[in-house]
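Data from structure.cif: mmCIF, C-alpha atoms
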```
data_protein
#
loop_
_atom_site.label_atom_id
_atom_site.label_comp_id
_atom_site.auth_asym_id
_atom_site.auth_seq_id
_atom_site.Cartn_x
_atom_site.Cartn_y
_atom_site.Cartn_z
CA MET A 1137 10.50 6.58 24.76
CA GLN A 1138 8.38 3.62 23.71
CA LEU A 1139 6.55 3.03 20.49
CA THR A 1140 2.83 3.70 20.68
CA LEU A 1141 -0.02 3.14 18.28
CA ASN A 1142 0.00 6.85 17.42
CA HIS A 1143 3.42 6.55 15.81
CA PHE A 1144 2.11 4.06 13.28
CA LEU A 1145 -1.20 5.85 12.72
CA VAL A 1146 0.54 9.16 12.02
CA LEU A 1147 3.02 7.41 9.72
CA GLY A 1148 0.12 5.82 7.85
CA ALA A 1149 -1.68 9.16 7.59
CA VAL A 1150 1.38 10.96 6.23
CA LEU A 1151 2.03 8.20 3.71
CA PHE A 1152 -1.64 8.18 2.68
CA CYS A 1153 -1.52 11.93 2.03
CA ILE A 1154 1.62 11.64 -0.09
CA GLY A 1155 -0.01 8.89 -2.13
CA LEU A 1156 -3.21 10.89 -2.48
CA TYR A 1157 -1.24 13.88 -3.72
CA GLY A 1158 0.52 11.71 -6.29
CA ALA A 1159 -2.74 10.12 -7.42
CA ILE A 1160 -4.42 13.49 -7.91
CA VAL A 1161 -1.57 15.46 -9.41
CA LYS A 1162 0.18 13.12 -11.81
CA ARG A 1163 -0.58 13.12 -15.52
CA ASN A 1164 1.06 9.82 -16.35
CA ALA A 1165 -1.43 7.03 -15.65
CA ILE A 1166 1.28 4.72 -14.31
CA ALA A 1167 2.32 7.42 -11.82
CA VAL A 1168 -1.31 7.63 -10.68
CA LEU A 1169 -1.17 3.88 -10.10
CA MET A 1170 2.01 4.30 -8.05
CA GLY A 1171 0.22 6.83 -5.87
CA ILE A 1172 -2.62 4.38 -5.32
CA GLU A 1173 -0.14 1.66 -4.32
CA ILE A 1174 1.42 4.02 -1.76
CA MET A 1175 -2.05 4.73 -0.34
CA LEU A 1176 -2.78 0.99 -0.03
CA ASN A 1177 0.52 0.48 1.77
CA ALA A 1178 -0.36 3.25 4.20
CA VAL A 1179 -3.63 1.54 5.01
CA ASN A 1180 -1.77 -1.75 5.49
CA ILE A 1181 0.60 -0.15 7.99
CA THR A 1182 -2.39 1.19 9.90
CA MET A 1183 -4.11 -2.22 9.92
CA VAL A 1184 -1.06 -4.11 11.13
CA GLY A 1185 -0.44 -1.44 13.76
CA PHE A 1186 -3.99 -1.85 15.06
CA SER A 1187 -3.59 -5.61 15.22
CA TYR A 1188 -0.31 -5.29 17.13
CA PHE A 1189 -1.59 -2.85 19.74
CA ASN A 1190 -4.92 -4.58 20.21
CA THR A 1191 -5.00 -5.75 23.82
CA VAL A 1192 -8.77 -5.99 24.22
CA LYS A 1193 -9.84 -8.85 22.00
CA THR A 1194 -9.08 -12.50 22.39
CA PHE A 1195 -6.02 -13.98 20.84
CA SER A 1196 -7.57 -15.31 17.63
CA GLU A 1197 -9.25 -12.01 16.89
CA ARG A 1198 -6.05 -10.11 17.47
CA LEU A 1199 -4.67 -11.08 14.07
CA THR A 1200 -7.72 -9.75 12.23
CA GLY A 1201 -5.81 -6.65 11.16
CA GLN A 1202 -3.14 -8.81 9.57
CA ILE A 1203 -5.78 -10.85 7.72
CA PHE A 1204 -7.21 -7.58 6.43
CA ALA A 1205 -3.74 -6.59 5.28
CA ILE A 1206 -3.37 -9.88 3.40
CA PHE A 1207 -6.65 -9.30 1.57
CA ILE A 1208 -5.66 -5.72 0.78
CA ILE A 1209 -2.37 -6.97 -0.70
CA THR A 1210 -4.28 -9.55 -2.79
CA VAL A 1211 -6.73 -7.02 -4.16
CA ALA A 1212 -3.93 -4.51 -4.79
CA ALA A 1213 -2.01 -7.04 -6.86
CA ALA A 1214 -5.12 -7.86 -8.91
CA GLU A 1215 -5.86 -4.18 -9.34
CA ALA A 1216 -2.31 -3.43 -10.49
CA ALA A 1217 -2.44 -6.22 -13.09
CA VAL A 1218 -5.77 -5.11 -14.55
CA ALA A 1219 -4.92 -1.41 -14.45
CA LEU A 1220 -1.59 -1.89 -16.20
CA ALA A 1221 -3.24 -4.07 -18.87
CA MET A 1222 -5.77 -1.30 -19.44
CA ILE A 1223 -3.03 1.33 -19.64
CA ILE A 1224 -1.13 -0.74 -22.20
CA ALA A 1225 -4.31 -1.32 -24.24
CA ILE A 1226 -5.09 2.42 -24.23
CA TYR A 1227 -1.51 3.22 -25.16
CA ARG A 1228 -1.75 0.86 -28.11
CA LYS A 1229 -4.91 2.54 -29.32
CA ARG A 1230 -4.23 6.21 -28.55
CA ALA A 1231 -0.42 6.35 -28.19
CA THR A 1232 -0.68 8.25 -24.92
CA VAL A 1233 -0.78 7.53 -21.20
CA ASP A 1234 -1.74 11.06 -20.17
CA VAL A 1235 -4.88 10.82 -18.08
CA GLY A 1236 -5.95 14.26 -19.32
CA GLU A 1237 -6.04 13.06 -22.92
CA ILE A 1238 -7.83 9.77 -22.28
CA ASP A 1239 -11.35 11.12 -22.75
CA MET A 1240 -13.11 8.42 -24.78
CA MET A 1241 -16.01 8.32 -22.34
CA LYS A 1242 -16.46 12.08 -22.27
CA TRP A 1243 -19.14 13.68 -24.40
CA MET B 730 15.12 5.33 23.27
CA ASP B 731 15.27 1.60 22.70
CA LEU B 732 16.24 -0.27 19.57
CA ALA B 733 12.68 -0.69 18.26
CA THR B 734 12.03 3.03 18.45
CA LEU B 735 15.29 3.83 16.74
CA LEU B 736 14.52 1.35 13.95
CA PHE B 737 11.02 2.77 13.63
CA TRP B 738 12.36 6.27 13.11
CA ILE B 739 14.94 5.10 10.57
CA PHE B 740 12.30 3.14 8.63
CA ALA B 741 9.73 5.93 8.86
CA VAL B 742 12.08 8.66 7.66
CA ILE B 743 13.31 6.59 4.71
CA LEU B 744 9.71 5.56 3.94
CA VAL B 745 8.35 9.11 3.83
CA GLY B 746 11.41 10.36 1.96
CA ALA B 747 11.11 7.65 -0.68
CA ALA B 748 7.38 8.31 -1.03
CA LEU B 749 8.11 12.00 -1.59
CA LEU B 750 10.68 10.98 -4.21
CA VAL B 751 8.05 8.81 -5.95
CA VAL B 752 5.75 11.80 -6.12
CA GLY B 753 8.39 14.39 -6.88
CA LEU B 754 10.91 12.91 -9.31
CA ARG B 755 10.73 13.98 -12.92
CA ASN B 756 11.80 10.71 -14.52
CA ILE B 757 9.19 8.04 -13.99
CA VAL B 758 11.68 5.16 -14.01
CA HIS B 759 13.40 6.79 -11.04
CA SER B 760 9.98 7.05 -9.39
CA ALA B 761 9.44 3.33 -9.89
CA LEU B 762 12.82 2.60 -8.29
CA ALA B 763 11.95 4.83 -5.33
CA LEU B 764 8.71 2.86 -5.05
CA VAL B 765 10.82 -0.27 -4.42
CA MET B 766 12.34 1.55 -1.44
CA VAL B 767 8.87 2.48 -0.16
CA PHE B 768 7.74 -1.16 -0.28
CA ALA B 769 10.91 -2.49 1.34
CA MET B 770 10.73 0.00 4.20
CA ALA B 771 7.05 -0.84 4.72
CA ALA B 772 8.17 -4.46 5.10
CA GLY B 773 10.59 -3.30 7.77
CA ILE B 774 7.74 -1.59 9.61
CA TYR B 775 5.80 -4.88 9.51
CA VAL B 776 8.75 -6.72 11.01
CA LEU B 777 8.78 -4.15 13.81
CA LEU B 778 5.10 -4.89 14.39
CA SER B 779 5.98 -8.63 14.62
CA ALA B 780 3.95 -9.38 11.50
CA SER B 781 6.59 -11.51 9.83
CA PHE B 782 4.24 -13.19 7.35
CA ILE B 783 2.95 -9.84 6.08
CA ALA B 784 6.52 -8.61 5.74
CA ILE B 785 7.53 -11.60 3.62
CA VAL B 786 4.39 -11.32 1.50
CA GLN B 787 5.08 -7.61 1.06
CA ILE B 788 8.59 -8.33 -0.22
CA LEU B 789 7.39 -11.14 -2.49
CA ILE B 790 4.35 -9.47 -4.00
CA TYR B 791 5.13 -5.77 -3.96
CA VAL B 792 8.88 -5.66 -4.43
CA GLY B 793 8.96 -8.80 -6.55
CA ALA B 794 5.84 -8.64 -8.66
CA VAL B 795 4.11 -5.25 -8.67
CA THR B 796 7.29 -3.28 -9.27
CA ILE B 797 8.32 -5.56 -12.12
CA LEU B 798 4.81 -5.16 -13.56
CA ILE B 799 5.08 -1.38 -13.34
CA LEU B 800 8.52 -1.41 -14.96
CA PHE B 801 7.20 -3.62 -17.78
CA ALA B 802 4.30 -1.22 -18.31
CA LEU B 803 6.76 1.68 -18.41
CA MET B 804 8.81 -0.18 -20.98
CA LEU B 805 5.77 -0.93 -23.14
CA THR B 806 4.37 2.59 -22.97
CA ARG B 807 7.54 4.44 -23.76
CA ILE B 808 7.06 8.17 -24.13
CA THR B 809 9.63 9.38 -26.62
CA GLY B 810 10.83 12.90 -27.19
CA GLN B 811 10.01 14.09 -23.69
CA ARG B 812 12.57 14.99 -21.09
CA GLN B 813 10.02 15.09 -18.30
CA THR B 814 8.20 11.76 -18.29
CA ASN B 815 6.41 12.22 -14.97
CA PRO B 816 4.75 15.64 -15.18
CA ALA B 817 2.24 17.14 -12.80
CA ASN B 818 -0.93 18.81 -13.94
CA LYS B 819 -2.10 22.33 -13.16
CA LEU B 820 -4.17 21.25 -10.18
CA TRP B 821 -1.29 20.79 -7.78
CA PRO B 822 -2.16 23.66 -5.37
CA VAL B 823 -5.69 22.28 -4.99
CA ALA B 824 -4.31 18.78 -4.52
CA ALA B 825 -1.84 20.01 -1.90
CA ILE B 826 -4.63 21.74 0.03
CA ILE B 827 -6.82 18.62 -0.13
CA CYS B 828 -4.00 16.33 1.01
CA ILE B 829 -2.92 18.59 3.87
CA GLY B 830 -6.56 18.84 4.94
CA VAL B 831 -7.07 15.08 4.89
CA GLY B 832 -3.82 14.47 6.75
CA ALA B 833 -4.53 17.13 9.38
CA THR B 834 -8.00 15.69 9.92
CA ILE B 835 -6.69 12.16 10.38
CA ILE B 836 -3.92 13.23 12.74
CA TYR B 837 -6.31 15.40 14.76
CA ALA B 838 -8.79 12.52 14.99
CA VAL B 839 -6.04 10.12 16.08
CA SER B 840 -4.70 12.45 18.75
CA SER B 841 -8.04 13.52 20.20
CA SER B 842 -9.99 10.26 19.96
CA GLN B 843 -11.72 8.83 23.01
CA MET B 844 -10.62 5.39 21.85
CA ALA B 845 -6.96 6.39 21.67
CA VAL B 846 -4.61 3.77 23.00
CA LYS B 847 -2.66 5.42 25.76
CA ASN B 848 -0.99 2.37 27.22
CA VAL B 849 2.28 1.10 25.87
CA VAL B 850 2.71 -2.53 24.95
CA SER B 851 6.25 -3.63 25.52
CA THR B 852 7.77 -5.58 22.70
CA SER B 853 8.77 -8.62 24.73
CA GLU B 854 5.25 -9.04 26.12
CA VAL B 855 3.67 -9.07 22.67
CA ALA B 856 6.34 -11.42 21.39
CA LYS B 857 5.45 -13.79 24.20
CA GLN B 858 1.78 -13.68 23.30
CA LEU B 859 2.25 -14.13 19.57
CA PRO B 860 4.06 -17.46 19.37
CA ASP B 861 4.03 -18.16 15.68
CA ASN B 862 2.63 -15.57 13.37
CA VAL B 863 2.51 -17.76 10.26
CA VAL B 864 0.81 -20.67 12.01
CA ARG B 865 -1.81 -18.42 13.57
CA ILE B 866 -2.57 -16.70 10.26
CA GLY B 867 -2.82 -20.07 8.54
CA GLN B 868 -5.27 -21.31 11.15
CA LEU B 869 -7.32 -18.15 10.83
CA LEU B 870 -7.38 -18.38 7.04
CA TYR B 871 -7.97 -22.07 6.44
CA SER B 872 -9.39 -23.72 9.53
CA PRO B 873 -13.00 -24.72 8.83
CA ILE B 874 -13.91 -25.61 12.41
CA HIS B 875 -13.58 -22.44 14.43
CA TYR B 876 -13.79 -18.76 13.69
CA SER B 877 -11.92 -18.28 10.45
CA TYR B 878 -11.82 -16.55 7.09
CA VAL B 879 -12.31 -19.46 4.70
CA LEU B 880 -15.02 -17.82 2.60
CA PRO B 881 -13.21 -14.47 2.07
CA PHE B 882 -10.10 -16.47 1.21
CA GLU B 883 -11.93 -18.39 -1.51
CA ILE B 884 -13.49 -15.18 -2.81
CA ALA B 885 -10.01 -13.65 -2.94
CA SER B 886 -8.84 -16.54 -5.12
CA LEU B 887 -11.82 -15.91 -7.40
CA VAL B 888 -10.88 -12.22 -7.58
CA LEU B 889 -7.35 -13.19 -8.57
CA LEU B 890 -8.62 -15.56 -11.27
CA VAL B 891 -10.91 -12.89 -12.71
CA ALA B 892 -8.05 -10.37 -12.60
CA ILE B 893 -5.69 -12.72 -14.46
CA VAL B 894 -8.27 -13.50 -17.17
CA GLY B 895 -9.25 -9.84 -17.42
CA ALA B 896 -5.66 -8.66 -17.72
CA ILE B 897 -4.99 -11.18 -20.51
CA VAL B 898 -8.20 -10.31 -22.37
CA ILE B 899 -7.71 -6.55 -22.07
CA GLY B 900 -4.01 -6.52 -22.72
CA ARG B 901 -3.68 -8.86 -25.68
CA GLU B 902 -3.12 -7.60 -29.20
CA ASP B 903 -5.91 -8.22 -31.65
#
```
Hey, can you dump this file as structure tokens for me?
Amino acid sequence: MQLTLNHFLVLGAVLFCIGLYGAIVKRNAIAVLMGIEIMLNAVNITMVGFSYFNTVKTFSERLTGQIFAIFIITVAAAEAAVALAMIIAIYRKRATVDVGEIDMMKW
Amino acid sequence: MDLATLLFWIFAVILVGAALLVVGLRNIVHSALALVMVFAMAAGIYVLLSASFIAIVQILIYVGAVTILILFALMLTRITGQRQTNPANKLWPVAAIICIGVGATIIYAVSSSQMAVKNVVSTSEVAKQLPDNVVRIGQLLYSPIHYSYVLPFEIASLVLLVAIVGAIVIGRED
């Protein structure tokens, strides 16, 4: 039995669903962020899998999936830094990290 | 079953199990430690896909930086007087239905697509065609003469600069 693209796509889909469940269900804002990180990793696995099994394009375009993965990692790191700074700032002001209680913009 | 397939199944099972632990554990510090396992196993998957640069970057950035950042945030936002620091809200049946629906749709689309890749690429053949992953990615990212990603790379550095300044401005005490 050889590895096919479907293995990696199904793995990415399963991981994406677990991350989505965590991002929807959790009440702690940091746990929501963890779910989002899992989702981004699932997308990265899918991208790298596509770039590995791509036999159609020329050689230089074959690594496009990996370049995409690098940019996703960059944006995910920036997003994690800003989101955690926001969570800490909100915690300092409201003494909570429960996303159900952070309702400053609700009227 | 060859070695790559065996390694894939080991990595995939640990990956999904650790992700379920991240979602399911009651103590959020334990969730953060399971997240380390998720990132490390994803790096193993990248090595299997002969993307060595992505695997190293994954270890450096995710395991090294993002997890430490999350643990620092957990330390700074300590919830006292609560045994369950990682609770779920009341919407979990709806969320489970949504997630199972999304996953079933993706898996159905993958399995029934016209574009589905049916042929199998043997590992040695791909390894022959991809001589040096890091060199090729460097040429694709930096090289200004042929087809490359110089402009997105510069924009990514701008995004990182804005994120650093924004995190400092938002997070500082005043």
List the residues selected by the PyMOL selection byres ((chain A and resi 1206) around 10) in the file shown, writing them as a compact mmCIF listing (two decimals) with C-alpha atoms, in the coordinates of the input.
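Contents of the output file expr29.txt:
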```
# COMPACT_ATOMS: atom_id res chain seq x y z
CA ASN A 1180 -1.77 -1.75 5.49
CA VAL A 1184 -1.06 -4.11 11.13
CA THR A 1200 -7.72 -9.75 12.23
CA GLY A 1201 -5.81 -6.65 11.16
CA GLN A 1202 -3.14 -8.81 9.57
CA ILE A 1203 -5.78 -10.85 7.72
CA PHE A 1204 -7.21 -7.58 6.43
CA ALA A 1205 -3.74 -6.59 5.28
CA PHE A 1207 -6.65 -9.30 1.57
CA ILE A 1208 -5.66 -5.72 0.78
CA ILE A 1209 -2.37 -6.97 -0.70
CA THR A 1210 -4.28 -9.55 -2.79
CA VAL A 1211 -6.73 -7.02 -4.16
CA ALA A 1212 -3.93 -4.51 -4.79
CA PHE B 782 4.24 -13.19 7.35
CA ILE B 783 2.95 -9.84 6.08
CA VAL B 786 4.39 -11.32 1.50
CA GLN B 787 5.08 -7.61 1.06
CA ILE B 866 -2.57 -16.70 10.26
CA PHE B 882 -10.10 -16.47 1.21
CA ALA B 885 -10.01 -13.65 -2.94
```
Exercise. Measure the distance from CA of Ala824 in chain B to CA of Ser760 in chain B in Å and round it to one decimal.
Key: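 The value is 19.1 Å.
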Practice problem: Given the file shown, enumerate the residues that the PyMOL selection byres ((chain A) within 6 of (chain B)) captures and present them as a PyMOL selection string. | Solution: chain A and resi 1137+1139-1140+1149+1153+1157-1158+1161-1163+1214+1218+1221+1225
Practice problem: Can you work out the spacing between CA of Asp861 in chain B and CA of Ser781 in chain B in Å, to one decimal? | Solution: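 Taking CA of Asp861 in chain B and CA of Ser781 in chain B, their separation equals 9.2 Å.
The gap separating CA of Met1170 in chain A from CA of Arg1228 in chain A is 20.7 Å, in Å to one decimal.
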